[in-house]
Each structure stands twice: as C-alpha cells, then as structure tokens.
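Engineer: My structure is in input_1.cif, and what it holds is mmCIF, C-alpha atoms and all ligand atoms:
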data_coords
loop_
_atom_site.label_atom_id
_atom_site.label_comp_id
_atom_site.auth_asym_id
_atom_site.auth_seq_id
_atom_site.Cartn_x
_atom_site.Cartn_y
_atom_site.Cartn_z
CA MET A 1 17.66 -6.87 -2.93
CA ALA A 2 16.59 -9.91 -0.92
CA ILE A 3 13.15 -11.50 -1.29
CA GLU A 4 11.59 -13.96 1.13
CA ILE A 5 8.37 -15.76 0.23
CA HIS A 6 5.97 -16.93 2.93
CA GLU A 7 2.79 -19.02 2.60
CA GLY A 8 -0.37 -17.73 4.28
CA ASP A 9 1.15 -15.48 6.96
CA LEU A 10 4.27 -13.61 8.03
CA PRO A 11 6.52 -15.65 10.30
CA ALA A 12 6.40 -14.51 13.91
CA GLY A 13 9.04 -12.03 15.04
CA VAL A 14 9.86 -10.18 11.80
CA ASP A 15 10.82 -6.69 12.99
CA PHE A 16 9.74 -3.67 10.95
CA GLY A 17 10.84 -1.04 13.46
CA GLY A 18 8.52 1.96 13.47
CA ALA A 19 7.35 1.72 9.86
CA ALA A 20 6.43 -1.08 7.47
CA ALA A 21 6.01 -0.49 3.74
CA VAL A 22 2.99 -2.50 2.58
CA ASP A 23 1.46 -3.27 -0.82
CA THR A 24 -1.05 -5.83 -2.07
CA GLU A 25 -1.60 -7.69 -5.33
CA THR A 26 -5.07 -8.98 -6.13
CA MET A 27 -6.95 -10.70 -8.97
CA GLY A 28 -8.38 -7.30 -9.95
CA LEU A 29 -9.46 -3.86 -8.84
CA ASP A 30 -12.76 -4.68 -7.09
CA PRO A 31 -12.17 -5.67 -3.44
CA ALA A 32 -15.63 -7.28 -3.27
CA ARG A 33 -15.06 -9.45 -6.35
CA ASP A 34 -11.31 -9.98 -6.57
CA ARG A 35 -9.37 -11.97 -4.04
CA LEU A 36 -6.14 -11.01 -2.32
CA CYS A 37 -3.16 -12.94 -3.73
CA LEU A 38 -0.08 -11.31 -2.23
CA VAL A 39 0.91 -8.90 0.53
CA GLN A 40 4.40 -7.39 0.21
CA LEU A 41 6.20 -5.83 3.15
CA SER A 42 9.54 -4.17 3.77
CA ALA A 43 11.26 -2.51 6.71
CA GLY A 44 13.06 -0.20 4.27
CA ASP A 45 16.29 -2.20 4.60
CA GLY A 46 16.39 -3.61 1.07
CA GLU A 47 14.61 -6.81 2.07
CA ALA A 48 11.07 -7.67 0.92
CA HIS A 49 8.71 -10.23 2.44
CA LEU A 50 6.09 -11.61 0.07
CA VAL A 51 3.14 -13.33 1.78
CA ARG A 52 1.09 -15.50 -0.59
CA PHE A 53 -2.61 -16.21 -0.19
CA ARG A 54 -4.34 -18.95 -2.15
CA GLU A 55 -7.88 -18.84 -0.81
CA ARG A 56 -10.61 -16.26 -0.57
CA ARG A 57 -10.78 -16.45 3.21
CA CYS A 58 -7.48 -15.60 4.83
CA ASP A 59 -6.47 -15.94 8.45
CA ALA A 60 -3.03 -14.44 9.02
CA PRO A 61 -2.66 -13.57 12.71
CA ASN A 62 0.95 -12.34 12.56
CA LEU A 63 0.25 -10.07 9.60
CA ALA A 64 -2.99 -8.84 11.18
CA ARG A 65 -1.14 -7.99 14.41
CA LEU A 66 1.38 -5.91 12.46
CA LEU A 67 -1.31 -4.12 10.44
CA ARG A 68 -3.16 -2.99 13.56
CA ASP A 69 -0.03 -2.33 15.68
CA PRO A 70 -0.34 1.33 16.81
CA GLU A 71 3.46 1.58 17.10
CA VAL A 72 4.12 0.68 13.44
CA THR A 73 3.12 3.11 10.68
CA LYS A 74 2.03 1.30 7.53
CA ILE A 75 3.36 3.10 4.44
CA PHE A 76 1.27 2.53 1.30
CA HIS A 77 1.11 4.05 -2.15
CA PHE A 78 -2.64 4.63 -2.74
CA ALA A 79 -3.60 3.37 0.72
CA ARG A 80 -7.31 3.67 -0.09
CA PHE A 81 -7.26 0.49 -2.19
CA ASP A 82 -4.89 -1.59 -0.06
CA ILE A 83 -6.73 -0.77 3.18
CA ALA A 84 -10.05 -1.84 1.60
CA VAL A 85 -8.54 -5.10 0.30
CA LEU A 86 -6.89 -5.92 3.63
CA GLU A 87 -10.07 -5.13 5.56
CA ARG A 88 -12.19 -7.22 3.23
CA HIS A 89 -9.91 -10.28 3.14
CA LEU A 90 -8.06 -10.24 6.46
CA ALA A 91 -10.78 -8.50 8.49
CA VAL A 92 -8.29 -5.95 9.81
CA ARG A 93 -8.22 -2.14 9.49
CA ALA A 94 -4.59 -1.12 8.91
CA ALA A 95 -3.55 1.83 11.10
CA PRO A 96 -1.74 4.12 11.56
CA VAL A 97 -1.22 4.89 7.88
CA TYR A 98 1.03 7.00 5.64
CA CYS A 99 0.08 7.25 1.95
CA THR A 100 2.77 8.41 -0.48
CA LYS A 101 0.14 9.23 -3.12
CA ILE A 102 -1.78 11.54 -0.78
CA ALA A 103 1.49 13.11 0.42
CA SER A 104 2.52 13.66 -3.18
CA ARG A 105 -0.79 15.27 -4.14
CA ILE A 106 -0.53 17.65 -1.20
CA ALA A 107 3.19 18.47 -1.56
CA ARG A 108 3.83 18.24 -5.33
CA THR A 109 1.19 20.64 -6.66
CA TYR A 110 3.45 21.53 -9.62
CA THR A 111 2.57 18.25 -11.38
CA ASP A 112 -0.24 15.78 -11.93
CA ARG A 113 2.19 12.84 -11.99
CA HIS A 114 1.73 10.96 -8.73
CA SER A 115 2.28 7.29 -9.63
CA LEU A 116 4.81 5.25 -7.67
CA ARG A 117 6.91 5.12 -10.81
CA ASP A 118 6.84 8.94 -11.07
CA LEU A 119 7.83 9.37 -7.41
CA ALA A 120 10.67 6.81 -7.49
CA GLY A 121 12.01 8.41 -10.67
CA GLU A 122 11.83 12.06 -9.60
CA LEU A 123 12.61 11.80 -5.89
CA LEU A 124 15.08 8.88 -5.84
CA GLY A 125 16.32 8.55 -9.41
CA VAL A 126 15.17 4.92 -9.34
CA GLU A 127 13.53 3.27 -12.34
CA ILE A 128 10.61 0.97 -11.44
CA SER A 129 9.22 -1.29 -14.16
CA LYS A 130 5.43 -1.67 -14.28
CA ALA A 131 5.53 -4.48 -16.85
CA GLN A 132 4.16 -7.13 -14.42
CA GLN A 133 1.40 -4.92 -12.99
CA SER A 134 -1.46 -6.73 -14.72
CA SER A 135 -0.13 -10.26 -14.45
CA ASP A 136 -1.85 -13.32 -12.90
CA TRP A 137 -1.10 -12.95 -9.18
CA GLY A 138 -3.17 -16.05 -8.42
CA ALA A 139 -0.79 -18.32 -10.36
CA GLU A 140 0.47 -21.48 -8.71
CA THR A 141 4.06 -20.19 -8.88
CA LEU A 142 5.11 -16.55 -9.20
CA SER A 143 7.74 -15.89 -11.87
CA ALA A 144 11.04 -14.19 -11.01
CA ALA A 145 9.79 -11.10 -12.85
CA GLN A 146 6.59 -11.05 -10.76
CA GLN A 147 8.56 -11.46 -7.54
CA SER A 148 10.95 -8.62 -8.26
CA TYR A 149 8.11 -6.36 -9.46
CA ALA A 150 6.13 -7.09 -6.29
CA ALA A 151 9.19 -6.40 -4.13
CA SER A 152 10.00 -3.14 -5.95
CA ASP A 153 6.57 -1.81 -4.95
CA VAL A 154 7.60 -1.77 -1.26
CA LEU A 155 11.41 -1.41 -1.28
CA HIS A 156 11.42 2.35 -1.95
CA LEU A 157 8.44 3.58 0.07
CA HIS A 158 10.48 4.56 3.15
CA ALA A 159 12.84 6.72 1.08
CA ILE A 160 9.93 8.25 -0.87
CA ARG A 161 8.19 9.06 2.42
CA ALA A 162 11.33 10.79 3.73
CA ALA A 163 11.61 12.93 0.58
CA LEU A 164 7.90 13.83 0.62
CA ASP A 165 8.03 14.65 4.35
CA ARG A 166 10.78 17.20 3.64
CA MET A 167 8.60 18.82 0.97
CA LEU A 168 5.48 18.81 3.16
CA GLU A 169 7.47 20.40 5.99
CA ARG A 170 8.93 23.02 3.64
CA GLU A 171 5.47 23.94 2.33
CA GLY A 172 3.82 23.96 5.78
CA ARG A 173 1.44 21.11 4.88
CA SER A 174 2.58 18.27 7.18
CA GLU A 175 -0.43 18.56 9.48
CA LEU A 176 -2.90 18.68 6.58
CA ALA A 177 -1.31 15.53 5.13
CA ARG A 178 -1.40 13.76 8.50
CA ARG A 179 -5.13 14.46 8.87
CA CYS A 180 -5.72 13.01 5.39
CA PHE A 181 -3.76 9.85 6.31
CA ASP A 182 -5.95 9.51 9.40
CA PHE A 183 -9.07 9.77 7.23
CA VAL A 184 -8.14 7.35 4.45
CA GLY A 185 -9.31 4.29 6.42
CA HIS A 186 -12.78 5.86 6.57
CA ARG A 187 -12.65 6.51 2.81
CA ALA A 188 -11.85 2.82 2.32
CA ALA A 189 -14.79 1.88 4.55
CA LEU A 190 -17.07 4.03 2.37
CA ASP A 191 -15.74 2.20 -0.71
CA LEU A 192 -16.56 -1.18 0.83
CA ALA A 193 -20.00 0.01 1.97
CA GLY A 194 -21.09 1.09 -1.53
CA TRP A 195 -19.96 4.71 -1.89
CA ARG A 196 -16.95 3.89 -4.04
CA ASP A 197 -17.94 6.02 -7.01
CA ILE A 198 -19.57 8.78 -5.01
CA ASP A 199 -17.68 11.80 -3.65
CA ILE A 200 -19.59 12.55 -0.44
CA PHE A 201 -17.93 15.98 -0.27
CA ALA A 202 -19.13 17.07 -3.71
CA HIS A 203 -22.06 19.51 -4.00
MN MN B 1 1.80 -3.36 -6.33
#
Take the structure I supplied and represent it as structure tokens, if you would.
Ligand code: MN

Structural biologist:
Amino acid sequence: MAIEIHEGDLPAGVDFGGAAAVDTETMGLDPARDRLCLVQLSAGDGEAHLVRFRERRCDAPNLARLLRDPEVTKIFHFARFDIAVLERHLAVRAAPVYCTKIASRIARTYTDRHSLRDLAGELLGVEISKAQQSSDWGAETLSAAQQSYAASDVLHLHAIRAALDRMLEREGRSELARRCFDFVGHRAALDLAGWRDIDIFAH
C-alpha cells in the first residue's frame, strides 16, 4: 500500500482511469456545521491519495474537475454523506456515482450488515480496522494510524464494486441499483436543503 499526501488539491494529471474510489473525513457528521478535513482517492491500484484541507472554504480545481468528470465514475461507500460534504465545501456535485452501500442493500437482502467493514470482510476476506474512525481529522499532522485508516477506506472499493456487480447481475437488479445511484445526488441535495431527517417517500 502506497500513500501520497497532498495539501489543498490533487496534483494535476493523476489518472484514475474510468473509476475513482472516493471517501471524505470531516470534523463531524453535520455537513453544515462540520468542515471537510480530508478527501481520499484511489484508482484501485493499491495507491491512495490523501488531500488535506485546513480551512472551511476550499478551492481545489483539479479535484473538482475529477469529481464532475462524466467519464470517471466516483465509487463511494454511503455516497449520500460524501456527496453532501463535497457539494457544501467544494461547491461541486460529484457524478456519475456508484455507492457500495446502496448496491449492498439491493443485492445482499439476506443480511442487515452493510458497513464497509462487513463488505470487505465477507466479499474480499479483508479485515478493515475502524479504530481511527472518530479521531481528530483536523489535526495539524495526521498520525500513521490515521493515514492508513483513511487509505483503507478507498483501497478496496473497486474490488467490492466488482463483487457486488456480480451479485446484482445474478439477481437481476443492476438497473434498479443504477437508478438509485443516479438519484443519490438529489437525496444529498435534500439533506443540505433541510430535509435530512424527513423521508419524502413515506406516507
Ligand atoms: Mn472514511
């Protein structure tokens, strides 16, 4: 595993091919209150790029270009949160999107275990530690444990997507999943606009 740390933006010319795994770390779970601290990216080749942000207002043109590039699918786990955070702090709507949590909920109806840790364990036999999940991502320097935790959140998303795609195909649910991925940006927009705790589809 190789980790590269960048300040404030991705360097120009990093190639993610057709799909970039993306995750974010923030000061907390409210995109309106809590600032973006880190964006992790991987091309699925064992290398992780960690982009650090130190201020509330971020201007990261290379990262923004990648996030809105129609030729590069952004693979998230729980895209709803990351898309809202990225839209709020980088003023960019990430698209097109693949969400491994949505794919899992649609394909793996035999279980209610859909965390990234559950998927890496069951589908890849890979153990992911969540020990650093609630650490201080705004710290001046990120510890080695924080860096490897942050990287592990993106290094396996391509392989998890491939495994879930096989299950979705087998169960005849690929198209349903794709339509949900296309909608999740709108769900994130509802969150940011004040409907976060309201299910607009409920009776
Ligand atoms: Mn993460």

Engineer: Throw together the list of residues within 10 Å of ligand MN 1 (chain B), counting all atoms listed in the file, and drop it here as JSON, numbers by chain.

Structural biologist: {"A": [22, 23, 24, 25, 26, 38, 39, 40, 76, 77, 78, 82, 116, 130, 132, 133, 134, 149, 150, 151, 152, 153, 154]}

Engineer: Applying 12 Å and all atoms listed in the file, which residues near Ala43 (chain A) remain after dropping the ones on its own chain fewer than 2 positions away? List them as an NGL selection string.

Structural biologist: :A and (2 or 14-22 or 40-41 or 45-49 or 66 or 72-75 or 151 or 154-159)

Engineer: Which residues are near Cys180 (chain A)? Cut-off 9 Å, all atoms listed in the file, ignore same chain within fewer than 3 positions. Put them as a PyMOL selection string.

Structural biologist: chain A and resi 99+102-103+175-177+183-184

Engineer: Please provide as a VMD selection string all residues within 7 Å of Ala120 (chain A), with the sequence filter that same-chain residues fewer than 6 positions apart are discarded (counting only C-alpha atoms).

Structural biologist: chain A and resid 126 to 127 160

Engineer: Given all atoms listed in the file as the basis, pick out the residue of A:Arg80, A:Arg166, A:His114, A:Lys101 nearest to Arg187 (chain A).

Structural biologist: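 So, comparing all the options, the nearest one is A:Arg80.
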
Engineer: So how many Å separate CA of Ala64 (chain A) and CA of Ala12 (chain A), to one decimal?

Structural biologist: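 Rounded to one decimal, the two atoms are 11.3 Å apart.
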
Engineer: Compare A:Gly138, A:Pro70, A:Gly172, A:Pro31 by their minimum atom-to-atom distance to Pro96 (chain A), counting all atoms listed in the file, and give me the closest one.

Structural biologist: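 Once distances to Pro96 (chain A) are computed over all atoms listed in the file, the minimum belongs to A:Pro70.
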
Engineer: Of the candidates A:Arg161, A:Arg93, A:Arg170, A:Arg196, which shows the shortest atom-to-atom distance to Asp69 (chain A), using only C-alpha atoms?

Structural biologist: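 Among A:Arg161, A:Arg93, A:Arg170, A:Arg196, it is A:Arg93 that comes nearest to Asp69 (chain A).
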
Engineer: Please identify all polymer residues within 12 Å of Pro61 (chain A), counting all atoms listed in the file, omitting same-chain residues fewer than 3 positions from it, and present them as an MDAnalysis selection string.

Structural biologist: chainID A and resid 8:12 58 64:69 90:92

Engineer: Mind filling out region 134-150 of chain A with N, CA, C and O atoms and sending it as a CSV table (one decimal), in the coordinates of the input?

Structural biologist:
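The resulting file, selection24.csv, is reproduced below:
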chain,number,residue,atom,x,y,z
A,134,SER,N,-0.2,-6.0,-14.5
A,134,SER,CA,-1.5,-6.7,-14.7
A,134,SER,C,-1.2,-8.2,-15.0
A,134,SER,O,-1.8,-8.8,-15.9
A,135,SER,N,-0.4,-8.8,-14.2
A,135,SER,CA,-0.1,-10.3,-14.4
A,135,SER,C,-1.0,-11.1,-13.5
A,135,SER,O,-1.7,-10.5,-12.7
A,136,ASP,N,-1.0,-12.4,-13.7
A,136,ASP,CA,-1.8,-13.3,-12.9
A,136,ASP,C,-1.2,-13.6,-11.5
A,136,ASP,O,-0.4,-14.5,-11.4
A,137,TRP,N,-1.7,-12.8,-10.5
A,137,TRP,CA,-1.1,-13.0,-9.2
A,137,TRP,C,-1.6,-14.2,-8.5
A,137,TRP,O,-1.2,-14.5,-7.4
A,138,GLY,N,-2.6,-14.8,-9.0
A,138,GLY,CA,-3.2,-16.0,-8.4
A,138,GLY,C,-2.5,-17.3,-8.9
A,138,GLY,O,-2.8,-18.4,-8.5
A,139,ALA,N,-1.5,-17.2,-9.8
A,139,ALA,CA,-0.8,-18.3,-10.4
A,139,ALA,C,-0.2,-19.2,-9.3
A,139,ALA,O,0.2,-18.8,-8.2
A,140,GLU,N,-0.1,-20.5,-9.6
A,140,GLU,CA,0.5,-21.5,-8.7
A,140,GLU,C,1.9,-21.1,-8.2
A,140,GLU,O,2.2,-21.1,-7.1
A,141,THR,N,2.7,-20.6,-9.2
A,141,THR,CA,4.1,-20.2,-8.9
A,141,THR,C,4.2,-18.8,-9.5
A,141,THR,O,3.9,-18.5,-10.6
A,142,LEU,N,4.8,-17.9,-8.7
A,142,LEU,CA,5.1,-16.6,-9.2
A,142,LEU,C,6.5,-16.6,-9.9
A,142,LEU,O,7.4,-17.1,-9.4
A,143,SER,N,6.5,-16.0,-11.1
A,143,SER,CA,7.7,-15.9,-11.9
A,143,SER,C,8.7,-15.0,-11.2
A,143,SER,O,8.4,-14.2,-10.3
A,144,ALA,N,10.0,-15.1,-11.6
A,144,ALA,CA,11.0,-14.2,-11.0
A,144,ALA,C,10.7,-12.7,-11.3
A,144,ALA,O,10.9,-11.9,-10.5
A,145,ALA,N,10.2,-12.5,-12.5
A,145,ALA,CA,9.8,-11.1,-12.8
A,145,ALA,C,8.7,-10.6,-11.9
A,145,ALA,O,8.7,-9.4,-11.5
A,146,GLN,N,7.7,-11.4,-11.7
A,146,GLN,CA,6.6,-11.0,-10.8
A,146,GLN,C,7.1,-10.8,-9.4
A,146,GLN,O,6.7,-9.8,-8.7
A,147,GLN,N,8.0,-11.6,-8.9
A,147,GLN,CA,8.6,-11.5,-7.5
A,147,GLN,C,9.3,-10.1,-7.4
A,147,GLN,O,9.2,-9.4,-6.4
A,148,SER,N,10.2,-9.8,-8.4
A,148,SER,CA,11.0,-8.6,-8.3
A,148,SER,C,10.1,-7.4,-8.5
A,148,SER,O,10.3,-6.4,-7.8
A,149,TYR,N,9.1,-7.5,-9.3
A,149,TYR,CA,8.1,-6.4,-9.5
A,149,TYR,C,7.4,-6.1,-8.1
A,149,TYR,O,7.3,-5.0,-7.7
A,150,ALA,N,6.9,-7.2,-7.6
A,150,ALA,CA,6.1,-7.1,-6.3
A,150,ALA,C,7.0,-6.5,-5.2
A,150,ALA,O,6.6,-5.6,-4.4
